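**Q** Supplied structure: work-v1.txt, compact mmCIF, C-alpha atoms.
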# COMPACT_ATOMS: atom_id res chain seq x y z
CA MET A 1 -3.93 -5.94 -31.21
CA ARG A 2 -6.72 -6.48 -28.66
CA ASP A 3 -9.39 -3.87 -27.98
CA ILE A 4 -10.58 -3.19 -24.42
CA ARG A 5 -13.53 -0.89 -23.96
CA CYS A 6 -13.26 2.14 -21.72
CA GLU A 7 -16.61 1.37 -20.08
CA GLN A 8 -15.38 -2.08 -19.08
CA ILE A 9 -12.39 -0.52 -17.34
CA THR A 10 -14.65 1.94 -15.54
CA GLU A 11 -16.89 -0.87 -14.28
CA VAL A 12 -13.94 -2.89 -13.02
CA VAL A 13 -12.35 0.07 -11.21
CA ALA A 14 -15.64 0.96 -9.52
CA ARG A 15 -16.06 -2.60 -8.25
CA LEU A 16 -12.44 -2.88 -7.10
CA CYS A 17 -12.80 0.33 -5.08
CA LEU A 18 -15.71 -1.22 -3.19
CA GLU A 19 -14.14 -4.63 -2.72
CA ALA A 20 -10.85 -3.17 -1.53
CA CYS A 21 -12.55 -1.02 1.09
CA TYR A 22 -14.87 -3.78 2.32
CA HIS A 23 -12.73 -6.94 2.29
CA LEU A 24 -9.38 -7.39 4.00
CA PRO A 25 -7.28 -9.77 1.85
CA GLU A 26 -6.90 -13.32 3.18
CA ASP A 27 -3.11 -13.05 3.37
CA VAL A 28 -3.48 -10.05 5.70
CA VAL A 29 -6.11 -11.79 7.84
CA GLY A 30 -3.83 -14.83 8.10
CA ALA A 31 -0.86 -12.68 9.11
CA ILE A 32 -2.88 -10.96 11.84
CA ARG A 33 -4.03 -14.33 13.17
CA LYS A 34 -0.42 -15.47 13.34
CA ALA A 35 0.52 -12.20 15.04
CA LEU A 36 -2.14 -12.86 17.68
CA GLN A 37 -0.38 -16.12 18.54
CA VAL A 38 3.01 -14.49 19.10
CA GLU A 39 1.98 -11.17 20.66
CA THR A 40 2.88 -11.25 24.36
CA SER A 41 1.13 -8.06 25.48
CA PRO A 42 -2.47 -8.63 26.70
CA VAL A 43 -3.43 -5.19 25.39
CA GLY A 44 -1.75 -5.96 22.07
CA GLN A 45 -3.64 -9.25 21.87
CA GLU A 46 -6.92 -7.44 22.46
CA VAL A 47 -6.14 -4.92 19.73
CA LEU A 48 -5.32 -7.66 17.23
CA GLN A 49 -8.54 -9.49 18.07
CA GLN A 50 -10.49 -6.27 17.53
CA VAL A 51 -8.80 -5.87 14.14
CA LEU A 52 -9.94 -9.37 13.18
CA ASP A 53 -13.46 -8.75 14.48
CA ASN A 54 -13.62 -5.49 12.55
CA ALA A 55 -12.57 -7.23 9.35
CA GLU A 56 -15.28 -9.85 9.76
CA ILE A 57 -17.97 -7.24 10.44
CA ALA A 58 -16.87 -5.28 7.37
CA ARG A 59 -16.90 -8.43 5.23
CA GLN A 60 -20.34 -9.58 6.33
CA GLY A 61 -22.04 -6.19 6.20
CA GLU A 62 -20.02 -4.76 3.30
CA PHE A 63 -18.94 -1.81 5.40
CA PRO A 64 -15.64 0.05 4.99
CA LEU A 65 -12.84 -1.49 7.04
CA CYS A 66 -11.82 2.01 8.09
CA GLN A 67 -13.47 5.42 7.97
CA ASP A 68 -10.46 6.65 5.98
CA THR A 69 -11.12 5.13 2.56
CA GLY A 70 -8.06 6.89 1.24
CA VAL A 71 -6.76 8.24 -2.02
CA ALA A 72 -7.42 5.77 -4.85
CA VAL A 73 -4.00 4.67 -6.06
CA VAL A 74 -4.31 2.65 -9.28
CA PHE A 75 -1.55 0.50 -10.74
CA LEU A 76 -1.84 -0.50 -14.39
CA GLU A 77 0.12 -3.16 -16.25
CA VAL A 78 -0.78 -2.42 -19.86
CA GLY A 79 0.06 -5.05 -22.43
CA GLN A 80 1.82 -3.51 -25.43
CA ASP A 81 -0.74 -5.21 -27.69
CA VAL A 82 -3.73 -3.63 -25.94
CA HIS A 83 -5.78 -0.87 -27.54
CA ILE A 84 -8.14 1.15 -25.33
CA VAL A 85 -11.27 2.14 -27.25
CA GLY A 86 -14.19 4.39 -26.44
CA GLY A 87 -12.47 6.95 -24.26
CA ASN A 88 -9.37 8.30 -22.56
CA LEU A 89 -7.76 5.72 -20.24
CA ARG A 90 -7.16 8.14 -17.39
CA GLU A 91 -10.74 9.40 -17.60
CA CYS A 92 -12.06 5.82 -17.68
CA ILE A 93 -10.27 5.13 -14.42
CA ALA A 94 -11.34 8.41 -12.80
CA GLU A 95 -14.96 7.67 -13.65
CA GLY A 96 -14.61 4.24 -12.04
CA VAL A 97 -13.31 5.82 -8.85
CA ARG A 98 -16.10 8.39 -8.99
CA ARG A 99 -18.78 5.72 -9.31
CA GLY A 100 -17.31 3.36 -6.75
CA TYR A 101 -16.94 5.96 -4.02
CA LYS A 102 -20.42 7.34 -4.68
CA GLU A 103 -22.21 3.99 -4.88
CA GLY A 104 -20.44 2.64 -1.81
CA TYR A 105 -20.90 5.80 0.27
CA LEU A 106 -17.15 5.79 0.80
CA ARG A 107 -15.58 8.85 2.36
CA LYS A 108 -14.28 11.33 -0.21
CA SER A 109 -10.90 12.52 1.01
CA VAL A 110 -9.30 14.24 -1.97
CA VAL A 111 -8.90 18.03 -1.95
CA ASP A 112 -8.04 20.33 -4.85
CA ARG A 113 -5.48 23.15 -4.64
CA PRO A 114 -3.50 21.44 -1.85
CA HIS A 115 -1.48 24.54 -0.92
CA SER A 116 -4.35 27.04 -0.82
CA GLN A 117 -8.14 26.48 -0.70
CA ARG A 118 -7.99 22.67 -0.14
CA THR A 119 -11.53 22.26 -1.46
CA ASN A 120 -12.92 18.74 -1.43
CA THR A 121 -13.43 17.42 -4.97
CA ARG A 122 -16.52 15.57 -3.63
CA ASP A 123 -15.94 12.37 -5.62
CA ASN A 124 -12.45 11.26 -4.49
CA THR A 125 -10.95 12.08 -7.87
CA PRO A 126 -8.48 12.45 -9.39
CA PRO A 127 -6.91 9.08 -8.63
CA VAL A 128 -3.14 8.57 -8.56
CA ILE A 129 -2.23 6.33 -11.50
CA HIS A 130 0.99 4.41 -12.10
CA THR A 131 1.35 2.76 -15.51
CA GLU A 132 3.79 0.12 -16.70
CA ILE A 133 3.95 -1.18 -20.27
CA VAL A 134 4.43 -4.96 -20.36
CA PRO A 135 4.42 -7.65 -23.07
CA GLY A 136 1.12 -9.25 -24.08
CA ASP A 137 -2.49 -8.26 -24.69
CA LYS A 138 -3.81 -8.09 -21.12
CA LEU A 139 -4.58 -5.17 -18.82
CA LYS A 140 -4.00 -5.69 -15.10
CA ILE A 141 -5.72 -3.18 -12.80
CA THR A 142 -4.86 -2.94 -9.09
CA VAL A 143 -6.67 -0.49 -6.81
CA LEU A 144 -5.01 0.44 -3.52
CA PRO A 145 -6.99 2.87 -1.31
CA LYS A 146 -4.20 4.60 0.66
CA GLY A 147 -5.16 6.22 3.96
CA GLY A 148 -3.65 9.46 5.15
CA GLY A 149 -2.30 8.18 8.46
CA SER A 150 0.03 5.65 6.89
CA GLU A 151 0.87 7.71 3.80
CA ASN A 152 1.96 10.63 5.97
CA MET A 153 4.61 8.34 7.45
CA SER A 154 6.59 8.17 4.20
CA TYR A 155 10.32 8.77 4.10
CA LEU A 156 13.00 9.33 1.46
CA ARG A 157 16.72 9.67 1.97
CA MET A 158 19.41 10.07 -0.65
CA MET A 159 22.21 8.31 1.18
CA PRO A 160 25.91 8.44 0.43
CA PRO A 161 26.71 5.01 -1.04
CA ALA A 162 29.25 4.45 1.74
CA MET A 163 26.38 4.11 4.23
CA GLY A 164 25.63 0.78 2.58
CA ARG A 165 23.45 -2.00 3.93
CA GLN A 166 23.73 -1.03 7.59
CA GLY A 167 22.73 2.53 6.78
CA ILE A 168 19.59 1.24 5.05
CA VAL A 169 18.62 -0.95 8.01
CA ASP A 170 19.14 1.86 10.52
CA PHE A 171 17.21 4.36 8.39
CA VAL A 172 14.15 2.12 7.96
CA VAL A 173 14.02 1.12 11.62
CA LYS A 174 14.35 4.75 12.71
CA ALA A 175 11.54 5.75 10.33
CA VAL A 176 9.22 3.22 11.97
CA GLU A 177 10.33 4.26 15.46
CA GLU A 178 9.69 7.95 14.78
CA SER A 179 6.30 7.16 13.23
CA GLY A 180 5.12 5.42 16.40
CA ALA A 181 1.36 4.86 16.44
CA ASN A 182 0.64 7.23 13.54
CA PRO A 183 0.47 4.60 10.74
CA CYS A 184 -1.87 2.36 12.83
CA PRO A 185 0.33 -0.66 13.55
CA PRO A 186 0.72 -3.51 13.03
CA ILE A 187 2.03 -2.21 9.73
CA ILE A 188 3.49 -3.45 6.49
CA VAL A 189 6.71 -1.66 5.61
CA GLY A 190 7.49 -1.15 1.93
CA VAL A 191 11.11 -0.30 1.20
CA GLY A 192 12.39 0.92 -2.16
CA ILE A 193 16.13 0.96 -2.78
CA GLY A 194 17.85 2.35 -5.86
CA GLY A 195 16.78 4.01 -9.07
CA THR A 196 16.19 7.72 -8.56
CA ALA A 197 14.40 9.61 -5.79
CA ASP A 198 10.98 9.32 -7.44
CA TYR A 199 11.50 5.71 -8.50
CA ALA A 200 12.60 4.59 -5.03
CA LEU A 201 9.31 5.94 -3.65
CA LEU A 202 7.36 4.04 -6.30
CA LEU A 203 9.30 0.85 -5.55
CA ALA A 204 8.39 1.21 -1.87
CA LYS A 205 4.69 1.58 -2.63
CA GLU A 206 4.71 -1.29 -5.12
CA ALA A 207 6.25 -3.47 -2.42
CA LEU A 208 3.00 -3.19 -0.48
CA LEU A 209 1.20 -5.12 -3.23
CA ARG A 210 3.23 -8.29 -2.73
CA GLU A 211 1.51 -11.21 -1.00
CA LEU A 212 1.99 -10.52 2.66
CA GLY A 213 5.05 -12.15 4.12
CA ARG A 214 6.26 -13.70 0.86
CA ALA A 215 9.98 -13.07 0.84
CA SER A 216 11.63 -11.29 -2.06
CA ASP A 217 12.79 -13.53 -4.89
CA ASP A 218 16.18 -11.83 -4.52
CA ALA A 219 18.11 -13.56 -1.72
CA GLU A 220 19.94 -10.40 -0.68
CA ASP A 221 16.73 -8.40 -0.45
CA ALA A 222 15.03 -11.25 1.42
CA ALA A 223 17.80 -11.27 4.05
CA LEU A 224 17.41 -7.51 4.42
CA GLU A 225 13.64 -7.91 4.92
CA LYS A 226 14.18 -10.44 7.70
CA GLU A 227 16.73 -8.34 9.58
CA ILE A 228 14.67 -5.14 9.38
CA LEU A 229 11.48 -6.91 10.52
CA GLU A 230 13.23 -8.42 13.54
CA ARG A 231 14.63 -5.05 14.58
CA ILE A 232 11.30 -3.27 14.10
CA ASN A 233 9.50 -5.79 16.27
CA ARG A 234 12.03 -5.22 19.03
CA LEU A 235 11.04 -1.54 19.23
CA GLY A 236 8.09 -2.31 21.53
CA ILE A 237 5.63 -0.02 19.72
CA GLY A 238 3.10 -2.85 19.35
CA PRO A 239 -0.44 -2.94 17.95
CA GLN A 240 -1.92 0.57 17.70
CA GLY A 241 1.16 1.87 19.52
CA LEU A 242 0.01 0.46 22.86
CA GLY A 243 3.06 -1.73 23.39
CA GLY A 244 3.96 -5.22 22.33
CA ASN A 245 6.23 -7.27 20.13
CA VAL A 246 4.20 -7.10 16.90
CA THR A 247 4.76 -3.66 15.39
CA ALA A 248 5.08 -4.87 11.78
CA LEU A 249 3.51 -7.83 10.04
CA ALA A 250 6.07 -7.80 7.23
CA VAL A 251 8.83 -5.85 5.54
CA HIS A 252 8.93 -5.99 1.75
CA VAL A 253 11.99 -4.72 -0.12
CA ASN A 254 12.18 -3.84 -3.81
CA SER A 255 15.55 -2.84 -5.23
CA TYR A 256 16.78 -1.46 -8.55
CA PRO A 257 20.14 -0.37 -10.02
CA CYS A 258 21.16 3.23 -9.36
CA HIS A 259 23.82 5.85 -10.13
CA ILE A 260 27.35 5.30 -8.84
CA ALA A 261 27.06 8.43 -6.68
CA SER A 262 23.61 7.64 -5.21
CA LEU A 263 21.85 5.34 -2.77
CA PRO A 264 18.16 6.34 -2.76
CA VAL A 265 16.12 4.66 0.01
CA ALA A 266 12.37 5.16 0.45
CA VAL A 267 9.89 3.89 3.03
CA ASN A 268 6.15 3.64 2.47
CA MET A 269 4.07 2.18 5.29
CA GLN A 270 0.68 0.51 5.16
CA CYS A 271 -1.64 0.23 8.14
CA HIS A 272 -3.22 -3.05 9.24
CA SER A 273 -6.13 -2.28 6.85
CA ALA A 274 -3.86 -3.31 3.99
CA ARG A 275 -6.46 -2.95 1.25
CA HIS A 276 -5.95 -3.67 -2.41
CA LYS A 277 -7.78 -5.60 -5.10
CA GLU A 278 -6.83 -6.47 -8.64
CA GLN A 279 -8.27 -7.88 -11.87
CA VAL A 280 -6.82 -8.83 -15.22
CA LEU A 281 -8.79 -7.98 -18.37
Would you mind writing the structure in this file as structure tokens?

**A**
Amino acid sequence: MRDIRCEQITEVVARLCLEACYHLPEDVVGAIRKALQVETSPVGQEVLQQVLDNAEIARQGEFPLCQDTGVAVVFLEVGQDVHIVGGNLRECIAEGVRRGYKEGYLRKSVVDRPHSQRTNTRDNTPPVIHTEIVPGDKLKITVLPKGGGSENMSYLRMMPPAMGRQGIVDFVVKAVEESGANPCPPIIVGVGIGGTADYALLLAKEALLRELGRASDDAEDAALEKEILERINRLGIGPQGLGGNVTALAVHVNSYPCHIASLPVAVNMQCHSARHKEQVL
């Protein structure tokens, strides 16, 4: 059994909040550069160049990539031989979010009582935490600040199984088409297939954490990713919805077994500020 101190977790989460909001990952920067080479619309090209310029300014000055610094979504892979000491794990993480958003002057976007007063909690807590128990004695922490514009363009459909593969493709493409400029394209499209309604949505969000453009290890899912991406980029929405042939940088599919009577399909989109940082303790 390996002990990990609560304070250490708090410190790491605080730092990851800052780094995620300030630094666009290199895989995303590389994908946008490639998109600039294939975008045919002059306006789309200008938008993509502005995205790259913005990322460089944010990196050099340690400024937020976007004014919407999002809800702090935290993914934990907790080794079954890990013992958290010195505090409650959820509170350790919340304190890290609290510190990071305060120290970095990041916008606090979380409101309490969502269906009534909607009062700002003033420290961007509570975070949304997803925990998975895995073998080993390590703790992997991933912080994904999720902006409202892209998160609002989330979709779930419990399909009849007979709709099959073609039904999935049509549903995802239609979701992107109906979303238009709202999720700030060029986007990354996370698709979750299978499990249950709630698990399909989690699969879709987890898909956003994959290295950008790396195809699924499952050949069938990888083929689905390719077909959906090609169809999305024929929609003509383009960068920031101003027209062009680069609407999505990538489509990532995660699938899981499901009930014989079900075909859950979820879509979770990420804007071009595809921010997330991770560390293993």

**Q** Nearest to Met269 of chain A: which of A:Val173, A:Ala162, A:Met153, A:Leu202 is it, counting all atoms listed in the file?

**A** A:Met153

**Q** Find the spatial neighbours of segment 221-231 of chain A, counting all atoms listed in the file, within a cut-off of 12 Å - ignore same-chain residues fewer than 5 positions away - and output them as number ranges by chain.

**A** A: 164-177, 186-193, 207, 213-216, 236-237, 245-256

**Q** With all atoms listed in the file as the basis for distance, which of A:Arg234, A:Lys205, A:Arg210, A:Leu24 is at the shortest distance from Leu52 of chain A?

**A**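 Going through A:Arg234, A:Lys205, A:Arg210, A:Leu24 one by one, the smallest distance to Leu52 of chain A is for A:Leu24.
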
**Q** Looking at A:Ile93, A:Val29, A:Pro264, A:Pro135, which one is nearest to Leu203 of chain A, with distances taken over only C-alpha atoms?

**A**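 Once distances to Leu203 of chain A are computed over only C-alpha atoms, the minimum belongs to A:Pro264.
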
**Q** So, with all atoms listed in the file as the atoms that count, which of A:Leu212, A:Gln279, A:Cys271, A:Gly87 lies closest to Gly30 of chain A?

**A**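 Closest residue, counting all atoms listed in the file: A:Leu212.
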
**Q** Just checking: using all atoms listed in the file, which residue out of A:Asp198, A:Asp3, A:Glu151, A:Glu56 ends up closest to Asp68 of chain A?

**A** A:Glu151

**Q** Tell me which of A:Glu11, A:Gly194, A:Ile232, A:Ser262 sits closest to Glu178 of chain A, counting all atoms listed in the file.

**A**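 That would be A:Ile232, the residue with the smallest distance to Glu178 of chain A.
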
**Q** Select all residues near (-15.5, 11.8, -4.4) (cut-off 9 Å, inclusive, file coordinates), counting all atoms listed in the file, and output them as an mmCIF file with C-alpha atoms, in the coordinates of the input.

**A**
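The resulting part_28.cif:
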data_model
loop_
_atom_site.group_PDB
_atom_site.id
_atom_site.type_symbol
_atom_site.label_atom_id
_atom_site.label_comp_id
_atom_site.auth_asym_id
_atom_site.auth_seq_id
_atom_site.Cartn_x
_atom_site.Cartn_y
_atom_site.Cartn_z
ATOM 1 C CA VAL A 97 -13.310 5.820 -8.850
ATOM 2 C CA ARG A 98 -16.100 8.390 -8.990
ATOM 3 C CA ARG A 99 -18.780 5.720 -9.310
ATOM 4 C CA GLY A 100 -17.310 3.360 -6.750
ATOM 5 C CA TYR A 101 -16.940 5.960 -4.020
ATOM 6 C CA LYS A 102 -20.420 7.340 -4.680
ATOM 7 C CA LEU A 106 -17.150 5.790 0.800
ATOM 8 C CA ARG A 107 -15.580 8.850 2.360
ATOM 9 C CA LYS A 108 -14.280 11.330 -0.210
ATOM 10 C CA SER A 109 -10.900 12.520 1.010
ATOM 11 C CA VAL A 110 -9.300 14.240 -1.970
ATOM 12 C CA ASN A 120 -12.920 18.740 -1.430
ATOM 13 C CA THR A 121 -13.430 17.420 -4.970
ATOM 14 C CA ARG A 122 -16.520 15.570 -3.630
ATOM 15 C CA ASP A 123 -15.940 12.370 -5.620
ATOM 16 C CA ASN A 124 -12.450 11.260 -4.490
ATOM 17 C CA THR A 125 -10.950 12.080 -7.870
ATOM 18 C CA PRO A 126 -8.480 12.450 -9.390
#

**Q** Between atom CA of Arg118 of chain A and atom CA of Ser150 of chain A, what distance in Å does the model show, to one decimal?

**A**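 For atom CA of Arg118 of chain A relative to atom CA of Ser150 of chain A, the distance reads 20.1 Å.
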
**Q** Mind pulling up the distance from atom CA of Glu220 of chain A to atom CA of Asp27 of chain A?

**A**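 Distance between the two atoms: 23.6 Å.
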
**Q** Could you tell me how far atom CA of Glu26 of chain A sits from atom CA of Asp53 of chain A, in Å to one decimal place?

**A**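 Result for atom CA of Asp53 of chain A versus atom CA of Glu26 of chain A: 13.8 Å, one decimal.
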
**Q** Name all residues at most 10 Å from Glu19 of chain A (count only C-alpha atoms; drop same-chain ones fewer than 6 positions away) and give them as a PyMOL selection string.

**A** chain A and resi 13+25+59+62-64+100+104+143+275-278

**Q** Using only C-alpha atoms, list the residues that have an atom at most 8 Å from (-3.0, 11.6, -4.9), coordinates as in the file, as a PyMOL selection string.

**A** chain A and resi 71-73+110+126-128

**Q** Taking 6 positions as the minimum chain separation for residues in the same chain, which residues sit within 8 Å of Asp81 of chain A when counting all atoms listed in the file? Answer as an mmCIF file with C-alpha atoms, in the frame of the given file.

**A**
data_model
loop_
_atom_site.group_PDB
_atom_site.id
_atom_site.type_symbol
_atom_site.label_atom_id
_atom_site.label_comp_id
_atom_site.auth_asym_id
_atom_site.auth_seq_id
_atom_site.Cartn_x
_atom_site.Cartn_y
_atom_site.Cartn_z
ATOM 1 C CA MET A 1 -3.930 -5.940 -31.210
ATOM 2 C CA ARG A 2 -6.720 -6.480 -28.660
ATOM 3 C CA PRO A 135 4.420 -7.650 -23.070
ATOM 4 C CA GLY A 136 1.120 -9.250 -24.080
ATOM 5 C CA ASP A 137 -2.490 -8.260 -24.690
ATOM 6 C CA LYS A 138 -3.810 -8.090 -21.120
#

**Q** May I have the residues within 8 Å of Leu48 of chain A as a JSON list (two decimals) with C-alpha atoms, keeping the file's coordinate frame, using all atoms listed in the file and disregarding those fewer than 5 positions away in the same chain?

**A**
[["chain", "number", "residue", "atom", "x", "y", "z"],
["A", 32, "ILE", "CA", -2.88, -10.96, 11.84],
["A", 33, "ARG", "CA", -4.03, -14.33, 13.17],
["A", 35, "ALA", "CA", 0.52, -12.20, 15.04],
["A", 36, "LEU", "CA", -2.14, -12.86, 17.68],
["A", 239, "PRO", "CA", -0.44, -2.94, 17.95]]
